$ cat upload-v3.txt   # compact mmCIF, C-alpha atoms
# COMPACT_ATOMS: atom_id res chain seq x y z
CA GLY A 1 -115.14 -56.53 71.22
CA ALA A 2 -116.89 -59.10 69.11
CA GLY A 3 -113.60 -60.08 67.48
CA GLU A 4 -112.02 -60.77 70.84
CA ARG A 5 -115.05 -62.81 71.95
CA ALA A 6 -114.84 -64.83 68.73
CA ARG A 7 -111.25 -65.74 69.48
CA GLY A 8 -111.96 -66.57 73.11
CA PRO A 9 -112.81 -70.29 72.74
CA GLY A 10 -109.42 -70.91 71.07
CA ILE A 11 -107.62 -70.09 74.30
CA GLY A 12 -110.18 -71.43 76.74
CA ALA A 13 -109.56 -73.59 79.78
CA GLY A 14 -109.11 -76.73 77.71
CA GLY A 15 -106.44 -75.13 75.54
CA VAL A 16 -104.56 -73.72 78.51
CA ALA A 17 -104.67 -77.06 80.34
CA GLY A 18 -103.44 -78.86 77.24
CA ALA A 19 -100.55 -76.43 76.79
CA ALA A 20 -99.63 -76.72 80.46
CA GLY A 21 -99.72 -80.50 80.27
CA SER A 22 -97.47 -80.49 77.20
CA ARG A 23 -95.03 -78.17 78.95
CA VAL A 24 -94.88 -80.42 82.02
CA LYS A 25 -94.22 -83.46 79.84
CA SER A 26 -91.48 -81.61 77.97
CA GLU A 27 -89.86 -80.49 81.22
CA ASN A 28 -90.02 -84.03 82.61
CA GLU A 29 -88.40 -85.39 79.48
CA VAL A 30 -85.63 -82.79 79.62
CA ARG A 31 -84.95 -83.68 83.27
CA PHE A 32 -84.91 -87.37 82.42
CA ARG A 33 -82.51 -86.79 79.51
CA MET A 34 -80.18 -84.74 81.69
CA ARG A 35 -80.10 -87.47 84.34
CA GLU A 36 -79.41 -90.02 81.62
CA VAL A 37 -76.55 -87.93 80.20
CA ALA A 38 -75.04 -87.52 83.66
CA HIS A 39 -75.34 -91.26 84.33
CA ARG A 40 -73.73 -92.20 81.02
CA SER A 41 -70.94 -89.65 81.52
CA LYS A 42 -70.09 -91.15 84.92
CA ASN A 43 -70.10 -94.64 83.39
CA GLN A 44 -67.76 -93.50 80.62
CA LEU A 45 -65.37 -91.89 83.09
CA THR A 46 -65.31 -95.09 85.15
CA VAL A 47 -64.55 -97.12 82.02
CA ILE A 48 -61.79 -94.72 80.91
CA GLN A 49 -60.24 -94.85 84.39
CA ALA A 50 -60.17 -98.66 84.21
CA MET A 51 -58.63 -98.53 80.72
CA LEU A 52 -56.02 -96.03 81.93
CA ASN A 53 -55.04 -98.10 84.97
CA GLN A 54 -54.81 -101.37 83.06
CA SER A 55 -52.97 -99.84 80.10
CA ALA A 56 -50.39 -98.36 82.49
CA ALA A 57 -50.03 -101.62 84.43
CA SER A 58 -49.41 -103.73 81.33
CA ALA A 59 -47.33 -101.27 79.28
CA GLU A 60 -43.65 -102.00 78.68
CA ASN A 61 -42.81 -98.33 78.08
CA ALA A 62 -44.41 -94.92 77.62
CA SER A 63 -44.98 -95.28 73.87
CA ASP A 64 -46.55 -98.71 74.35
CA PHE A 65 -48.87 -97.25 76.97
CA ALA A 66 -49.85 -94.32 74.74
CA GLU A 67 -50.62 -96.56 71.77
CA THR A 68 -52.61 -99.11 73.77
CA PHE A 69 -54.62 -96.46 75.60
CA ARG A 70 -55.28 -94.50 72.40
CA LYS A 71 -56.69 -97.59 70.67
CA ARG A 72 -58.91 -98.46 73.62
CA VAL A 73 -60.31 -94.93 73.76
CA ALA A 74 -60.88 -95.04 69.97
CA GLY A 75 -62.84 -98.26 70.41
CA LEU A 76 -64.94 -96.66 73.14
CA ALA A 77 -65.52 -93.65 70.88
CA ARG A 78 -66.81 -95.88 68.06
CA SER A 79 -69.36 -97.41 70.42
CA THR A 80 -70.35 -93.96 71.67
CA ASP A 81 -70.90 -92.70 68.11
CA LEU A 82 -73.31 -95.59 67.51
CA MET A 83 -75.08 -94.92 70.81
CA ILE A 84 -75.67 -91.28 69.86
CA ALA A 85 -76.78 -92.11 66.32
CA ASN A 86 -79.25 -94.70 67.60
CA ALA A 87 -80.32 -93.09 70.87
CA THR A 88 -84.03 -93.76 70.49
CA GLN A 89 -84.29 -97.27 69.01
CA GLY A 90 -81.07 -98.82 70.36
CA VAL A 91 -77.83 -100.01 68.77
CA ASN A 92 -77.95 -102.98 66.40
CA LEU A 93 -75.49 -105.68 67.51
CA MET A 94 -74.51 -106.44 63.89
CA GLU A 95 -73.63 -102.78 63.28
CA LEU A 96 -71.70 -102.64 66.56
CA ALA A 97 -69.73 -105.80 65.72
CA LYS A 98 -68.80 -104.61 62.22
CA ASN A 99 -67.89 -101.20 63.60
CA GLN A 100 -65.55 -102.61 66.26
CA LEU A 101 -63.89 -105.25 64.07
CA LYS A 102 -63.37 -103.00 61.04
CA PRO A 103 -60.02 -101.51 62.19
CA PHE A 104 -58.65 -105.04 62.70
CA THR A 105 -60.00 -106.63 59.53
CA PRO A 106 -57.19 -107.71 57.16
CA ALA A 107 -57.09 -107.01 53.42
CA ASP A 108 -58.82 -110.36 52.88
CA ALA A 109 -62.11 -109.41 54.56
CA GLU A 110 -63.35 -113.03 54.30
CA ARG A 111 -61.10 -113.82 57.25
CA VAL A 112 -63.55 -112.01 59.57
CA ARG A 113 -67.00 -113.57 59.56
CA ILE A 114 -69.93 -112.10 61.48
CA THR A 115 -73.37 -113.72 61.55
CA GLY A 116 -76.44 -113.33 63.72
CA PRO A 117 -80.01 -112.03 63.85
CA ALA A 118 -80.95 -108.43 64.58
CA VAL A 119 -80.56 -107.65 68.29
CA LEU A 120 -81.00 -104.15 69.73
CA LEU A 121 -78.82 -103.00 72.62
CA ASP A 122 -79.23 -100.23 75.16
CA PRO A 123 -76.33 -97.79 75.77
CA GLN A 124 -74.68 -99.75 78.59
CA ALA A 125 -74.88 -103.05 76.73
CA SER A 126 -73.51 -101.55 73.52
CA GLN A 127 -70.64 -99.88 75.38
CA THR A 128 -69.71 -103.05 77.28
CA LEU A 129 -70.00 -105.38 74.29
CA GLY A 130 -68.16 -102.89 72.10
CA MET A 131 -65.21 -102.86 74.51
CA ALA A 132 -65.26 -106.65 74.75
CA LEU A 133 -65.15 -107.01 70.95
CA HIS A 134 -62.31 -104.47 70.79
CA GLU A 135 -60.26 -106.47 73.28
CA LEU A 136 -60.97 -109.78 71.54
CA SER A 137 -59.88 -108.25 68.25
CA THR A 138 -56.73 -106.80 69.82
CA ASN A 139 -55.75 -110.17 71.29
CA ALA A 140 -56.49 -111.91 67.98
CA THR A 141 -54.17 -109.44 66.24
CA LYS A 142 -51.39 -109.93 68.80
CA TYR A 143 -51.59 -113.65 69.51
CA GLY A 144 -54.37 -115.31 67.54
CA ALA A 145 -56.04 -115.77 64.20
CA LEU A 146 -55.26 -112.27 62.92
CA ALA A 147 -51.56 -112.52 63.79
CA ASN A 148 -50.84 -114.59 60.67
CA GLU A 149 -51.91 -114.55 57.02
CA THR A 150 -54.47 -117.37 57.12
CA GLY A 151 -56.32 -117.28 60.45
CA ILE A 152 -60.08 -116.75 60.62
CA VAL A 153 -62.24 -115.03 63.22
CA SER A 154 -65.87 -116.12 63.38
CA LEU A 155 -68.30 -114.15 65.52
CA SER A 156 -71.85 -115.47 65.74
CA TRP A 157 -74.85 -115.18 67.99
CA VAL A 158 -78.34 -116.59 68.32
CA ALA A 159 -81.25 -115.86 70.63
CA SER A 160 -82.28 -119.00 72.48
CA GLY A 161 -85.11 -118.81 74.99
CA GLU A 162 -84.39 -115.86 77.26
CA ASP A 163 -80.66 -115.70 76.45
CA LEU A 164 -78.35 -114.42 73.76
CA ASN A 165 -75.66 -117.01 73.02
CA LEU A 166 -72.58 -115.39 71.48
CA VAL A 167 -69.54 -117.29 70.19
CA TRP A 168 -66.11 -115.87 69.30
CA ARG A 169 -64.11 -118.63 67.57
CA GLU A 170 -60.63 -118.27 66.11
CA SER A 171 -59.30 -120.92 63.73
CA GLN A 172 -56.18 -121.60 61.65
CA ALA A 173 -54.14 -119.70 64.23
CA ALA A 174 -50.69 -120.54 65.57
CA ILE A 175 -51.33 -121.30 69.22
CA ASP A 176 -48.94 -119.95 71.86
CA LYS A 177 -50.46 -121.12 75.12
CA ASP A 178 -48.08 -119.06 77.27
CA ALA A 179 -49.06 -115.87 75.42
CA ILE A 180 -52.73 -116.79 75.69
CA ALA A 181 -52.37 -117.34 79.43
CA ALA A 182 -50.64 -113.95 79.76
CA SER A 183 -53.26 -112.17 77.67
CA ARG A 184 -56.03 -113.54 79.89
CA LYS A 185 -54.51 -111.61 82.79
CA GLY A 186 -54.75 -108.34 80.86
CA PHE A 187 -57.56 -105.88 80.32
CA GLY A 188 -59.13 -108.11 77.66
CA SER A 189 -59.88 -110.71 80.29
CA VAL A 190 -61.05 -108.05 82.75
CA VAL A 191 -63.56 -106.73 80.22
CA LEU A 192 -64.87 -110.16 79.28
CA GLU A 193 -65.02 -111.84 82.66
CA ARG A 194 -65.61 -108.94 85.04
CA MET A 195 -67.43 -106.25 83.05
CA LEU A 196 -69.61 -108.58 81.00
CA GLY A 197 -70.36 -110.58 84.11
CA MET A 198 -71.11 -107.60 86.33
CA ALA A 199 -72.77 -105.26 83.84
CA LEU A 200 -74.72 -107.81 81.81
CA ASP A 201 -74.92 -110.86 84.11
CA ALA A 202 -73.10 -112.85 81.43
CA LYS A 203 -71.85 -116.42 81.83
CA LEU A 204 -68.57 -117.11 80.02
CA ASP A 205 -66.72 -120.24 78.92
CA PHE A 206 -63.19 -120.15 77.51
CA ALA A 207 -61.55 -122.96 75.52
CA VAL A 208 -58.23 -123.37 73.74
CA HIS A 209 -58.46 -125.54 70.61
CA ASP A 210 -55.52 -126.83 68.57
CA ASP A 211 -55.99 -124.07 66.01
CA GLY A 212 -57.36 -121.18 68.07
CA ILE A 213 -59.25 -119.93 71.11
CA GLU A 214 -62.99 -119.84 71.69
CA TRP A 215 -65.17 -117.72 73.95
CA ARG A 216 -68.79 -118.65 74.57
CA VAL A 217 -70.88 -115.92 76.20
CA ARG A 218 -74.46 -116.28 77.42
CA ILE A 219 -76.28 -113.05 78.26
CA PRO A 220 -79.90 -112.70 79.43
CA LEU A 221 -81.74 -110.83 76.68
CA ALA A 222 -83.43 -108.69 79.33
CA ARG A 223 -80.02 -107.29 80.32
CA LEU A 224 -79.41 -106.00 76.78
CA ARG A 225 -82.35 -103.60 76.97
CA ASP A 226 -82.88 -101.33 79.95
CA GLU A 227 -86.63 -101.66 80.31
CA ASP A 228 -86.73 -99.11 83.16
CA VAL A 229 -85.24 -96.49 80.84
CA HIS A 230 -87.69 -97.26 78.06
CA GLN A 231 -90.66 -97.17 80.43
CA GLN A 232 -89.52 -93.78 81.70
CA GLN A 233 -89.10 -92.56 78.13
CA GLY A 234 -92.63 -93.66 77.36
CA ALA A 235 -93.95 -91.92 80.47
CA ALA A 236 -92.14 -88.72 79.51
CA GLN A 237 -93.59 -88.65 76.03
$ encode --input "upload-v3.txt" --output "structure tokens"
Amino acid sequence: GAGERARGPGIGAGGVAGAAGSRVKSENEVRFRMREVAHRSKNQLTVIQAMLNQSAASAENASDFAETFRKRVAGLARSTDLMIANATQGVNLMELAKNQLKPFTPADAERVRITGPAVLLDPQASQTLGMALHELSTNATKYGALANETGIVSLSWVASGEDLNLVWRESQAAIDKDAIAASRKGFGSVVLERMLGMALDAKLDFAVHDDGIEWRVRIPLARLRDEDVHQQQGAAQ
């Protein structure tokens, strides 16, 4: 009837094509998200396997293994929580650093100093850097600046050219060079030298000062943001 003819233009060819196009975009985005979830899950399982193997290899007994592994998984979980909460815009490096160092920060919070400009990280970068910061904090608590009542941990970074230059400096620590050498053979060193190097193309320098250790890490800024992922996200929208 006339009423049906009056409503006809609202569901004409243009409207149907638009709806179909929107549906295709939505389906593409869902497929992309599912691939991304699968990829991240495989990465997490690989990381957990590495943590398990290294924790078992370095543990003195079963309870030591359980405690070390539990703390490493907790550190990974903190990074994952940030990744989920900031899935669209990326994880802020400052928030990640504070999040990872918080469990290790002593009552005098001034002993842990974090400074640097806003830098956004993609999921892989936030996971890798989060684990690295966890291991640095663990080693500082066992052997370094956080093992006494006066030591200071300073974490800073600055963007310079096409790189992010990050410095972990411990000071006012009692230096035990044998313990430091032993700790560098553990998972902390594996994370810093192997995972940062492989996953983020980082260049690392390690130094032992009279009052504490220092790590200098240079990471290409492009490796902190997965541009392929963001381009695909844009295409799916």
$ atom_distance --input "upload-v3.txt" --atom1 "CA of Asp122 in chain A" --atom2 "CA of Ala222 in chain A"
10.3 Å
$ atom_distance --input "upload-v3.txt" --atom1 "CA of Leu164 in chain A" --atom2 "CA of Pro220 in chain A"
6.1 Å
$ atom_distance --input "upload-v3.txt" --atom1 "CA of Ala118 in chain A" --atom2 "CA of Val208 in chain A"
28.7 Å
$ closest_residue --input "upload-v3.txt" --among "A:Asp211, A:Asp163, A:Glu135, A:Glu193" --to "Thr150 in chain A" --atoms "all atoms listed in the file"
A:Asp211
$ closest_residue --input "upload-v3.txt" --among "A:Tyr143, A:Phe206, A:Phe65, A:Trp215" --to "Ala174 in chain A" --atoms "all atoms listed in the file"
A:Tyr143
